[in-house]
Structure formats: structure tokens, C-alpha cells
$ cat work01.csv   # CSV, C-alpha atoms and all ligand atoms
chain,number,residue,atom,x,y,z
A,12,MET,CA,115.0,-26.1,77.0
A,13,LYS,CA,117.3,-25.0,74.2
A,14,GLN,CA,119.6,-22.1,75.0
A,15,THR,CA,122.2,-20.2,73.0
A,16,LEU,CA,125.5,-19.6,74.5
A,17,LEU,CA,127.6,-16.8,73.0
A,18,VAL,CA,131.3,-17.4,73.2
A,19,LYS,CA,133.8,-14.8,72.4
A,20,LEU,CA,136.7,-16.1,70.3
A,21,ALA,CA,140.3,-14.9,70.8
A,22,PRO,CA,142.0,-15.6,67.5
A,23,ALA,CA,145.6,-14.8,66.7
A,24,PRO,CA,146.0,-12.1,64.0
A,25,GLU,CA,146.5,-14.7,61.2
A,26,GLN,CA,143.6,-16.7,62.5
A,27,HIS,CA,141.5,-13.6,62.6
A,28,ALA,CA,142.4,-12.9,58.9
A,29,ALA,CA,141.6,-16.5,57.9
A,30,LEU,CA,138.2,-16.3,59.6
A,31,LEU,CA,137.4,-13.0,57.9
A,32,ARG,CA,138.4,-14.3,54.4
A,33,THR,CA,136.3,-17.4,55.0
A,34,LEU,CA,133.2,-15.5,56.0
A,35,GLU,CA,133.7,-13.2,53.0
A,36,ALA,CA,133.9,-16.1,50.6
A,37,PHE,CA,131.0,-17.9,52.2
A,38,ASN,CA,128.7,-15.0,52.0
A,39,SER,CA,129.8,-14.0,48.5
A,40,ALA,CA,129.0,-17.6,47.5
A,41,CYS,CA,125.6,-17.3,49.1
A,42,ASN,CA,124.8,-14.3,47.1
A,43,VAL,CA,125.8,-16.0,43.9
A,44,ILE,CA,123.7,-19.1,44.8
A,45,ALA,CA,120.8,-16.8,45.7
A,46,GLY,CA,120.9,-15.4,42.1
A,47,VAL,CA,120.6,-18.9,40.7
A,48,ALA,CA,117.9,-19.9,43.1
A,49,TYR,CA,115.9,-16.8,42.3
A,50,ALA,CA,116.3,-17.1,38.5
A,51,HIS,CA,115.3,-20.8,38.5
A,52,HIS,CA,112.6,-20.5,41.2
A,53,MET,CA,114.5,-23.2,43.0
A,54,ALA,CA,114.2,-23.6,46.8
A,55,ASN,CA,115.1,-27.3,47.0
A,56,LYS,CA,118.7,-27.6,48.2
A,57,ILE,CA,119.4,-30.9,46.4
A,58,GLU,CA,118.3,-29.5,43.1
A,59,LEU,CA,120.2,-26.3,43.8
A,60,GLN,CA,123.3,-28.3,44.7
A,61,LYS,CA,123.3,-30.1,41.4
A,62,LEU,CA,123.4,-26.8,39.6
A,63,VAL,CA,125.9,-24.7,41.6
A,64,TYR,CA,128.1,-27.0,43.7
A,65,TYR,CA,131.1,-27.3,41.4
A,66,ASP,CA,131.1,-23.8,40.2
A,67,ILE,CA,130.9,-22.1,43.6
A,68,ARG,CA,133.6,-24.4,45.1
A,69,GLN,CA,135.9,-23.4,42.3
A,70,GLN,CA,135.0,-19.8,42.3
A,71,PHE,CA,135.3,-19.2,46.1
A,72,GLY,CA,137.6,-22.0,47.2
A,73,LEU,CA,135.1,-23.4,49.6
A,74,SER,CA,135.4,-26.9,51.0
A,75,SER,CA,132.8,-29.4,50.1
A,76,GLN,CA,130.9,-29.1,53.4
A,77,MET,CA,131.2,-25.3,53.3
A,78,ALA,CA,129.6,-25.3,49.8
A,79,ILE,CA,126.8,-27.6,51.1
A,80,ARG,CA,126.2,-25.2,54.1
A,81,ALA,CA,126.1,-22.2,51.8
A,82,ILE,CA,123.5,-23.9,49.5
A,83,ALA,CA,121.4,-24.9,52.6
A,84,LYS,CA,121.5,-21.3,53.9
A,85,VAL,CA,120.3,-19.9,50.6
A,86,ALA,CA,117.6,-22.5,50.2
A,87,GLU,CA,116.3,-21.8,53.6
A,88,ALA,CA,116.3,-18.0,53.1
A,89,TYR,CA,114.6,-18.3,49.7
A,90,LYS,CA,112.0,-20.7,50.9
A,91,ARG,CA,110.9,-18.1,53.5
A,92,ASP,CA,109.9,-15.6,50.8
A,93,LYS,CA,110.1,-16.6,47.1
A,94,ARG,CA,109.1,-13.1,45.9
A,95,ILE,CA,112.5,-11.7,46.6
A,96,LYS,CA,116.1,-12.7,45.9
A,97,PRO,CA,117.7,-13.2,49.3
A,98,SER,CA,120.8,-11.2,49.9
A,99,PHE,CA,123.6,-11.8,52.4
A,100,ARG,CA,125.8,-9.3,54.3
A,101,PRO,CA,129.5,-9.6,53.5
A,102,TYR,CA,130.2,-11.0,57.0
A,103,GLY,CA,126.9,-12.7,57.7
A,104,ALA,CA,126.7,-15.7,60.1
A,105,MET,CA,128.2,-19.0,58.9
A,106,VAL,CA,127.0,-22.4,60.1
A,107,TYR,CA,129.7,-24.7,61.4
A,108,ASP,CA,128.5,-28.3,61.7
A,109,GLU,CA,130.5,-31.2,63.1
A,110,ARG,CA,132.3,-31.9,59.8
A,111,ILE,CA,134.0,-28.5,59.7
A,112,SER,CA,134.3,-27.8,63.5
A,113,ASN,CA,135.1,-29.5,66.7
A,114,PHE,CA,136.1,-28.8,70.3
A,115,PRO,CA,139.5,-30.5,71.0
A,116,THR,CA,139.6,-29.1,74.5
A,117,ALA,CA,137.1,-27.4,76.8
A,118,ASP,CA,138.4,-23.9,75.8
A,119,ARG,CA,139.3,-24.3,72.2
A,120,VAL,CA,137.4,-24.6,69.0
A,121,SER,CA,138.8,-26.0,65.8
A,122,LEU,CA,137.2,-24.3,62.7
A,123,LEU,CA,137.9,-25.1,59.0
A,124,THR,CA,138.9,-22.0,57.0
A,125,LEU,CA,140.0,-21.3,53.5
A,126,ASP,CA,143.5,-21.7,54.9
A,127,GLY,CA,142.8,-25.0,56.6
A,128,ARG,CA,142.0,-25.8,60.2
A,129,VAL,CA,142.6,-23.2,62.8
A,130,GLU,CA,142.4,-23.9,66.6
A,131,ILE,CA,141.1,-20.8,68.4
A,132,PRO,CA,141.0,-20.3,72.1
A,133,PHE,CA,138.0,-18.7,73.8
A,134,ARG,CA,137.5,-17.5,77.3
A,135,PHE,CA,134.7,-18.2,79.6
A,136,GLY,CA,134.0,-19.2,83.2
A,137,VAL,CA,133.3,-22.5,84.8
A,138,TYR,CA,129.6,-22.0,84.3
A,139,ALA,CA,129.9,-22.0,80.6
A,140,VAL,CA,132.2,-25.0,80.6
A,141,GLY,CA,129.4,-27.0,82.2
A,142,MET,CA,127.0,-25.6,79.6
A,143,MET,CA,129.4,-26.5,76.7
A,144,GLN,CA,129.1,-30.1,77.7
A,145,ARG,CA,125.5,-30.0,76.7
A,146,ARG,CA,126.3,-28.7,73.3
A,147,ARG,CA,124.0,-29.9,70.6
A,148,GLY,CA,124.7,-30.0,66.9
A,149,GLN,CA,126.1,-27.2,64.9
A,150,CYS,CA,127.2,-23.7,65.9
A,151,ASP,CA,127.2,-20.3,64.1
A,152,LEU,CA,130.3,-18.2,63.5
A,153,LEU,CA,129.3,-14.6,64.0
A,154,TYR,CA,131.3,-11.5,63.2
A,155,ARG,CA,130.6,-8.1,64.9
A,156,THR,CA,131.9,-5.4,62.5
A,157,SER,CA,131.6,-2.6,65.1
A,158,SER,CA,134.0,-4.3,67.5
A,159,ASP,CA,135.9,-6.4,65.0
A,160,THR,CA,135.3,-9.5,67.1
A,161,PHE,CA,134.2,-13.1,66.4
A,162,PHE,CA,131.7,-15.0,68.4
A,163,LEU,CA,130.5,-18.5,68.4
A,164,ALA,CA,126.8,-19.0,69.0
A,165,VAL,CA,126.5,-22.5,70.5
A,166,THR,CA,123.2,-24.2,71.1
A,167,VAL,CA,123.0,-26.1,74.4
A,168,ASP,CA,120.3,-28.3,75.7
A,169,THR,CA,119.4,-27.5,79.3
A,170,SER,CA,116.3,-29.5,79.4
A,171,GLU,CA,117.6,-32.8,80.8
A,172,PRO,CA,117.0,-33.0,84.5
A,173,THR,CA,113.5,-31.8,85.4
A,174,PRO,CA,113.4,-30.1,88.8
A,175,ASP,CA,111.5,-32.3,91.3
A,176,GLU,CA,108.9,-31.1,93.7
A,177,ALA,CA,111.3,-30.5,96.5
A,178,SER,CA,110.4,-31.8,100.0
A,179,ASP,CA,112.8,-29.4,101.7
A,180,TYR,CA,114.6,-26.2,100.8
A,181,LEU,CA,117.9,-24.6,101.4
A,182,GLY,CA,116.9,-21.0,102.4
A,183,VAL,CA,119.4,-18.4,101.1
A,184,ASP,CA,119.6,-14.8,102.2
A,185,LEU,CA,121.6,-12.7,99.8
A,186,GLY,CA,122.9,-9.5,101.1
A,187,ILE,CA,125.8,-7.2,101.3
A,188,ILE,CA,127.4,-7.6,104.7
A,189,THR,CA,127.3,-11.4,104.2
A,190,LEU,CA,126.9,-12.2,100.5
A,191,ALA,CA,125.0,-15.4,101.2
A,192,ALA,CA,123.7,-16.8,104.5
A,193,THR,CA,121.9,-20.2,104.4
A,194,SER,CA,119.4,-22.0,106.5
A,195,ASP,CA,122.1,-24.5,107.3
A,196,GLY,CA,123.7,-21.8,109.4
A,197,GLU,CA,126.5,-21.1,106.9
A,198,PHE,CA,128.0,-17.9,105.7
A,199,LEU,CA,129.1,-18.6,102.2
A,200,ASN,CA,131.4,-15.6,101.8
A,201,HIS,CA,133.4,-16.8,104.8
A,202,SER,CA,133.5,-20.5,104.0
A,203,ALA,CA,134.2,-20.3,100.3
A,204,GLY,CA,137.7,-18.9,100.7
A,205,PRO,CA,139.5,-16.1,102.5
A,206,LYS,CA,139.3,-13.6,99.7
A,207,HIS,CA,135.5,-13.6,99.8
A,208,ALA,CA,135.6,-12.2,103.3
A,209,HIS,CA,137.0,-9.1,101.7
A,210,ILE,CA,134.6,-8.5,98.9
A,211,ASN,CA,132.9,-5.6,100.6
A,212,GLN,CA,136.2,-3.9,101.4
A,213,VAL,CA,137.3,-4.4,97.8
A,214,ARG,CA,134.0,-3.0,96.5
A,215,ALA,CA,134.3,0.1,98.7
A,216,ARG,CA,137.9,0.6,97.6
A,217,TYR,CA,136.9,0.3,93.9
A,218,SER,CA,134.1,2.8,94.3
A,219,ARG,CA,136.3,5.4,96.1
A,220,PHE,CA,139.0,4.9,93.5
A,221,ARG,CA,136.4,5.4,90.7
A,222,ALA,CA,135.2,8.6,92.2
A,223,LYS,CA,138.7,10.0,92.4
A,224,LEU,CA,139.5,9.1,88.8
A,225,GLN,CA,136.2,10.4,87.4
A,226,GLN,CA,137.0,13.7,89.1
A,227,GLN,CA,140.4,13.9,87.3
A,228,GLY,CA,138.8,13.2,83.9
A,229,THR,CA,142.1,12.9,82.0
A,230,LYS,CA,142.7,10.4,79.3
A,231,SER,CA,145.0,8.2,81.3
A,232,ALA,CA,142.6,8.3,84.2
A,233,LYS,CA,139.8,7.1,81.9
A,234,ARG,CA,142.0,4.3,80.7
A,235,LEU,CA,142.9,3.3,84.2
A,236,LEU,CA,139.2,3.4,85.1
A,237,ARG,CA,138.3,1.0,82.2
A,238,ARG,CA,141.0,-1.4,83.3
A,239,ARG,CA,139.9,-1.2,86.9
A,240,SER,CA,136.3,-1.7,86.0
A,241,ARG,CA,137.1,-4.8,84.0
A,242,ARG,CA,139.1,-6.2,86.9
A,243,GLU,CA,136.3,-5.4,89.3
A,244,LYS,CA,133.8,-7.3,87.0
A,245,ARG,CA,136.1,-10.3,86.7
A,246,PHE,CA,136.5,-10.3,90.5
A,247,ALA,CA,132.7,-10.2,91.1
A,248,ARG,CA,132.0,-12.8,88.4
A,249,ASP,CA,134.5,-15.2,89.9
A,250,ILE,CA,132.9,-14.8,93.4
A,251,ASN,CA,129.4,-15.2,91.9
A,252,HIS,CA,130.4,-18.4,90.2
A,253,CYS,CA,131.9,-19.8,93.4
A,254,LEU,CA,128.9,-18.9,95.5
A,255,SER,CA,126.3,-20.1,93.1
A,256,LYS,CA,128.2,-23.3,92.6
A,257,ALA,CA,128.5,-24.0,96.3
A,258,LEU,CA,124.8,-23.3,96.9
A,259,VAL,CA,123.6,-25.4,94.1
A,260,SER,CA,125.9,-28.3,95.0
A,261,THR,CA,124.8,-28.2,98.6
A,262,ALA,CA,121.1,-28.3,97.6
A,263,LYS,CA,121.7,-31.0,95.0
A,264,GLY,CA,123.8,-33.1,97.4
A,265,THR,CA,121.0,-33.1,100.0
A,266,ALA,CA,118.1,-33.4,97.4
A,267,ARG,CA,116.7,-30.0,98.4
A,268,GLY,CA,115.4,-27.0,96.4
A,269,ILE,CA,116.8,-23.5,96.8
A,270,ALA,CA,114.6,-20.7,98.2
A,271,LEU,CA,115.4,-17.1,97.6
A,272,GLU,CA,113.6,-13.9,98.2
A,273,ASP,CA,111.6,-12.4,95.4
A,274,LEU,CA,113.8,-9.6,94.0
A,275,ASN,CA,110.9,-7.3,93.3
A,276,GLY,CA,109.7,-7.6,96.8
A,277,ILE,CA,113.2,-6.8,98.2
A,278,ARG,CA,113.3,-3.7,96.1
A,279,ALA,CA,110.0,-2.5,97.4
A,280,ARG,CA,111.0,-3.3,101.0
A,281,ILE,CA,114.4,-1.5,100.8
A,282,ALA,CA,113.1,1.5,98.9
A,283,THR,CA,111.0,2.4,101.9
A,284,ARG,CA,114.0,2.3,104.3
A,285,ARG,CA,115.7,5.7,104.7
A,286,THR,CA,118.6,4.5,106.8
A,287,VAL,CA,122.2,4.5,105.8
A,288,ALA,CA,122.2,0.7,105.6
A,289,GLY,CA,119.1,0.9,103.4
A,290,LYS,CA,120.8,3.2,101.0
A,291,ARG,CA,123.8,0.9,100.8
A,292,GLN,CA,121.5,-2.1,100.2
A,293,ARG,CA,119.6,-0.3,97.5
A,294,ARG,CA,122.9,0.3,95.7
A,295,VAL,CA,123.8,-3.4,95.9
A,296,LEU,CA,120.4,-4.6,94.9
A,297,HIS,CA,120.4,-2.6,91.7
A,298,SER,CA,123.9,-3.6,90.8
A,299,TRP,CA,124.6,-6.0,88.0
A,300,ALA,CA,126.7,-8.2,90.4
A,301,PHE,CA,123.8,-8.9,92.6
A,302,ARG,CA,121.5,-9.8,89.6
A,303,GLN,CA,124.3,-11.9,88.2
A,304,LEU,CA,124.6,-13.9,91.3
A,305,ARG,CA,120.9,-14.7,91.2
A,306,ALA,CA,121.1,-15.5,87.5
A,307,PHE,CA,124.0,-17.9,88.1
A,308,ILE,CA,122.1,-19.6,90.8
A,309,ALA,CA,119.1,-20.0,88.5
A,310,TYR,CA,121.2,-21.4,85.6
A,311,LYS,CA,123.2,-23.8,87.6
A,312,ALA,CA,120.2,-25.0,89.5
A,313,THR,CA,118.4,-25.6,86.2
A,314,LEU,CA,121.3,-27.5,84.9
A,315,ALA,CA,121.6,-29.6,88.0
A,316,GLY,CA,117.8,-30.2,88.2
A,317,VAL,CA,117.5,-28.3,91.5
A,318,ARG,CA,114.2,-26.5,92.0
A,319,VAL,CA,114.3,-22.7,92.8
A,320,VAL,CA,111.5,-20.9,94.4
A,321,LEU,CA,111.0,-17.3,95.2
A,322,VAL,CA,109.3,-16.2,98.4
A,323,ASN,CA,107.8,-13.0,99.5
A,324,PRO,CA,110.5,-11.2,101.4
A,325,ALA,CA,108.1,-9.3,103.6
A,326,TYR,CA,109.1,-9.6,107.3
A,327,THR,CA,111.8,-12.2,106.7
A,328,SER,CA,114.2,-10.0,108.7
A,329,GLN,CA,111.8,-9.2,111.5
A,330,THR,CA,110.2,-12.6,112.1
A,331,CYS,CA,111.6,-15.1,114.6
A,332,SER,CA,112.5,-18.3,112.9
A,333,HIS,CA,112.1,-20.1,116.2
A,334,CYS,CA,108.6,-19.1,117.4
A,335,GLY,CA,107.3,-17.2,114.4
A,336,HIS,CA,106.7,-14.0,116.3
A,337,CYS,CA,107.1,-10.9,114.1
A,338,ALA,CA,108.3,-7.6,115.6
A,339,LYS,CA,110.5,-4.8,114.3
A,340,ALA,CA,112.1,-4.6,117.7
A,341,SER,CA,113.6,-8.1,117.4
A,342,ARG,CA,115.9,-7.0,114.7
A,343,ARG,CA,118.4,-5.4,117.0
A,344,SER,CA,121.0,-4.3,114.4
A,345,GLN,CA,122.3,-5.2,111.0
A,346,ALA,CA,123.8,-8.4,112.4
A,347,LYS,CA,121.8,-9.3,115.4
A,348,PHE,CA,118.4,-10.8,115.8
A,349,LEU,CA,116.9,-11.2,119.3
A,350,CYS,CA,113.3,-12.3,119.6
A,351,VAL,CA,111.3,-10.1,121.9
A,352,ALA,CA,108.8,-13.0,122.5
A,353,CYS,CA,110.9,-16.1,123.1
A,354,GLY,CA,114.4,-14.8,123.5
A,355,PHE,CA,115.8,-16.8,120.6
A,356,SER,CA,118.9,-15.1,119.3
A,357,ALA,CA,120.9,-15.6,116.1
A,358,HIS,CA,122.8,-13.7,113.4
A,359,ALA,CA,120.1,-11.7,111.6
A,360,ASP,CA,121.0,-13.1,108.2
A,361,LEU,CA,120.9,-16.7,109.3
A,362,ASN,CA,117.5,-16.1,110.9
A,363,ALA,CA,116.3,-14.6,107.6
A,364,ALA,CA,117.6,-17.6,105.7
A,365,GLU,CA,115.7,-19.9,107.9
A,366,ASN,CA,112.5,-17.8,107.4
A,367,ILE,CA,113.0,-18.0,103.7
A,368,ARG,CA,113.2,-21.8,104.0
A,369,TRP,CA,110.0,-21.9,105.9
A,370,ALA,CA,108.3,-19.6,103.5
A,371,ALA,CA,109.3,-21.9,100.6
A,372,LEU,CA,108.0,-24.9,102.4
A,373,SER,CA,104.6,-23.3,103.0
A,374,CYS,CA,104.2,-21.9,99.5
A,375,SER,CA,106.2,-24.1,97.2
A,376,ARG,CA,103.2,-25.3,95.3
A,377,THR,CA,102.3,-21.8,94.1
A,378,SER,CA,105.8,-20.6,93.5
A,379,ARG,CA,106.9,-19.2,90.2
A,380,PRO,CA,110.2,-19.7,88.4
A,381,LEU,CA,113.1,-17.4,89.1
A,382,ALA,CA,113.4,-14.4,86.9
A,383,GLY,CA,115.7,-11.4,87.0
B,401,ZN,ZN,110.8,-16.1,119.0
$ encode --input "work01.csv" --output "C-alpha cells"
Amino acid sequence: MKQTLLVKLAPAPEQHAALLRTLEAFNSACNVIAGVAYAHHMANKIELQKLVYYDIRQQFGLSSQMAIRAIAKVAEAYKRDKRIKPSFRPYGAMVYDERISNFPTADRVSLLTLDGRVEIPFRFGVYAVGMMQRRRGQCDLLYRTSSDTFFLAVTVDTSEPTPDEASDYLGVDLGIITLAATSDGEFLNHSAGPKHAHINQVRARYSRFRAKLQQQGTKSAKRLLRRRSRREKRFARDINHCLSKALVSTAKGTARGIALEDLNGIRARIATRRTVAGKRQRRVLHSWAFRQLRAFIAYKATLAGVRVVLVNPAYTSQTCSHCGHCAKASRRSQAKFLCVACGFSAHADLNAAENIRWAALSCSRTSRPLAG
């Protein structure tokens, strides 16, 4: 499976200017080449190169490889529809192959510009670092005029390990009070570091703070709000990376798949609950942070060759993982499960995680891939 990773570049002002100049020259050159291709009905890049190579290098100051890339881009566009002369936006995408780009470190890309090589840092999380190691071939330099920012579109190959039919599953119950409980009897928000124990307090604090600032509505309040929201996002992303990484490596290390509840099913289940806890859970389930955690688990699992199955969440919280008896009364509180039939007691989330594991074991053959 090929995937495109969009990486935001953080160039220094002079690097920014050099990239812009390069894109400008590259696309202007493309437009000139397009005129030649159209006039001569020439879609073959070798033939085209013979005609325009020296002129465009001289006119636009392009390096040899940049000129070849421009010619290839035009040939490709013209080949698609020979009735029209292709035209290129002033800051259209530019292909960077291995001859004019490389990655000296995990968080820097070196790109050739009209002013020589520039080494540009970019920011991304651990998840993307893993993906970057599966980089294949060339990348595209993109410029977004609206935000005046540069991106690198990198193609990564995620197809390598094929998930095996798992013989056992790590059942994972994702929630709000405990972010992740597993069928191994672990709470991941507790074991993955002290700060994770506080995520819910932090979340609540942020949302109170947000409400206050929104009420004020002043300019400085809005600015503060933006800064806060960025910080909140970084915080949640960091936690999601840690949690998903821990889950996937546990599953991988024990040659198991990962079982999660089907998100659509959870929504339906919680929408029918009219309790305070239900309301809080609804908010979390619809939040991007929760969806992001699931997405991270899916991506990291795919990369690691760990199978992910989704199970029907109906009754996972009311069923006894020990004897299978299902009764609403067994779920004593948010945290406590006590089976009315056999007397088995456990933390409610751990009991749910175990049920999710059992559900996966019994339906793994008909499971569908994780989405959403
Ligand atoms: Zn029981």
C-alpha cells in the first residue's frame, strides 16, 4: 500500500525565499516548454529535451536535473490531452528526486534551489519518523499560497508486512476515565507515565478555560485561546502516540492482533444513554483526539504487521468476561463490575477489554478493517 505523507517544512526566511524563487523559475520554465511541446506536437520527453534543454537552463537558471524534471512534467501533462497546451500555476508542485534532494537526518530535508542546497527542518511526531523510513523514490515540493507555507509530499510504502491471521488478540477498551484498558489487565494511561494519569483533569481544565475566554471575546483572549488550543492538541497527540505505540508493540511482541470496539456501534450505544456519564462519553467519542488515537493504532499496527479487528460493542460493558452472563445490574458503576451470576468482580474497563478480546476470537474471520 502506497501512502502520501504530508510534511510541513519550517524554512528560515532566506530559505523560504530561495524555495519560492525556485518554484517560480521551475513553473515558468514548464510554461515555456509547454509552448514548444504544443507547437511541435511533441509529447516525447527525450525529443523535447533535445529541443529545449539548453535554452531553458540558461533562461531560468535551472540545474540540469531540474530542467529534466520540468521537461518530464510537461511531457506528462501534454500526453494526457494533446488538444490543449498545458499551463502551470506560478507555484505549482515541483518534483524532487534523489539527485536534487536527500534527507541528511530524520527531521531535515536537503533541497537544491537556484541558490544552491538548503537544509530545511521539518516537524513531525514519532509516528511519521517511522513512516519516513519507508520513503520511496521522489517527493513533491508543494506551496500553499493561502498560508504561505511549504509542504513536502512524501510517498511511503506501507505494504511490507502483511497482517497474519492472529491466533489471539489484545482486547483494548478505549474510554475517558481510563484512556485504554487491555485484556492483559493493564491501564495504559497509568503505566505509560505519570502525566497520562492527569489527561482528564487537563482536558477539563482546558475546556473550562476555553469557555471563560470565549465569553470575554476580546482580541487578546482569542489569541490566548488559539495558543491554548494548539498546546492542547500537541498534548493529546503526544499521548495518542505513546498509547498507540505501547499497544501495538505489546501486540507485536506477543504475536497477537488488536481488538477494538466498532466506533459506529459505540456511538449508537452511547447515544441512547441519557446519564451524565453518557453525555461526557459522547463528547469524547466525537472528539478528534479519540478518533486520532484509533487512527494512530491502525497506522502503527499496519506498519508493524499487526492485525486489527473491530468487534460489535453491544453488551461489552454488561457481560461477565468470566462466565458470559449478561446483565445490566452487573455493571455497578463507572468503574466496578460485579457479576450477578457468578460473583466475578473486576474493574469495569478491564472486564470490557476481556470481552472485546473474546468477541474478536469468535468473529475474527468475518472482521473488517479498521476505519474512522
Ligand atoms: Zn459471571
$ closest_residue --input "work01.csv" --among "A:Ser121, A:Thr229, A:Gln303, A:Thr193" --to "A:Val259" --atoms "only C-alpha atoms"
A:Thr193
$ closest_residue --input "work01.csv" --among "A:Phe301, A:Tyr65, A:Phe355, A:Phe307" --to "ligand ZN 401 (chain B)" --atoms "all atoms listed in the file"
A:Phe355
$ closest_residue --input "work01.csv" --among "A:Leu73, A:Cys41, A:Trp369, A:Arg110" --to "A:Ala86" --atoms "all atoms listed in the file"
A:Cys41
$ residues_near_ligand --input "work01.csv" --ligand "ligand ZN 401 (chain B)" --cutoff "12 Å" --atoms "only C-alpha atoms and all ligand atoms" --output "PyMOL selection string"
chain A and resi 329-338+340-342+348-357+362+366
$ write_last_selection --input "work01.csv" --atoms "C-alpha atoms" --output "compact mmCIF listing (two decimals), in the coordinates of the input"
# COMPACT_ATOMS: atom_id res chain seq x y z
CA GLN A 329 111.80 -9.20 111.50
CA THR A 330 110.20 -12.60 112.10
CA CYS A 331 111.60 -15.10 114.60
CA SER A 332 112.50 -18.30 112.90
CA HIS A 333 112.10 -20.10 116.20
CA CYS A 334 108.60 -19.10 117.40
CA GLY A 335 107.30 -17.20 114.40
CA HIS A 336 106.70 -14.00 116.30
CA CYS A 337 107.10 -10.90 114.10
CA ALA A 338 108.30 -7.60 115.60
CA ALA A 340 112.10 -4.60 117.70
CA SER A 341 113.60 -8.10 117.40
CA ARG A 342 115.90 -7.00 114.70
CA PHE A 348 118.40 -10.80 115.80
CA LEU A 349 116.90 -11.20 119.30
CA CYS A 350 113.30 -12.30 119.60
CA VAL A 351 111.30 -10.10 121.90
CA ALA A 352 108.80 -13.00 122.50
CA CYS A 353 110.90 -16.10 123.10
CA GLY A 354 114.40 -14.80 123.50
CA PHE A 355 115.80 -16.80 120.60
CA SER A 356 118.90 -15.10 119.30
CA ALA A 357 120.90 -15.60 116.10
CA ASN A 362 117.50 -16.10 110.90
CA ASN A 366 112.50 -17.80 107.40
$ atom_distance --input "work01.csv" --atom1 "atom CA of A:Phe114" --atom2 "atom CA of A:Glu130"
8.8 Å
$ residues_around --input "work01.csv" --residues "A:Ala346" --least-positions-apart "5" --cutoff "7 Å" --atoms "all atoms listed in the file" --output "PyMOL selection string"
chain A and resi 358-360
$ residues_around --input "work01.csv" --residues "stretch 102-109 of chain A" --least-positions-apart "4" --cutoff "6 Å" --atoms "all atoms listed in the file" --output "number ranges by chain"
A: 34-35, 149-153
$ closest_residue --input "work01.csv" --among "A:Gly186, A:Leu304, A:Ala257, A:Gln226" --to "A:Gln345" --atoms "all atoms listed in the file"
A:Gly186
$ residues_around --input "work01.csv" --residues "A:Leu361" --least-positions-apart "6" --cutoff "10 Å" --atoms "all atoms listed in the file" --output "PyMOL selection string"
chain A and resi 182-184+189+191-198+328+332+346-348+367
$ closest_residue --input "work01.csv" --among "A:Ser98, A:Ser112, A:Thr33, A:Thr166" --to "A:Val18" --atoms "only C-alpha atoms"
A:Thr166
$ residues_around --input "work01.csv" --residues "A:Pro22" --least-positions-apart "4" --cutoff "9 Å" --atoms "all atoms listed in the file" --output "MDAnalysis selection string"
chainID A and resid 26:27 30 129:133 161
$ atom_distance --input "work01.csv" --atom1 "atom CA of A:Leu321" --atom2 "atom CA of A:Ser255"
15.7 Å
$ closest_residue --input "work01.csv" --among "A:Asn38, A:Gln69, A:Asn113, A:Thr313" --to "A:Lys256" --atoms "all atoms listed in the file"
A:Thr313
$ residues_around --input "work01.csv" --residues "A:Val322" --least-positions-apart "3" --cutoff "7 Å" --atoms "all atoms listed in the file" --output "list in words"
Ala270, Leu271, Glu272, Asp273, Ile367, Ala370 and Ala371 of chain A
$ atom_distance --input "work01.csv" --atom1 "atom CA of A:Leu372" --atom2 "atom CA of A:Lys13"
29.7 Å
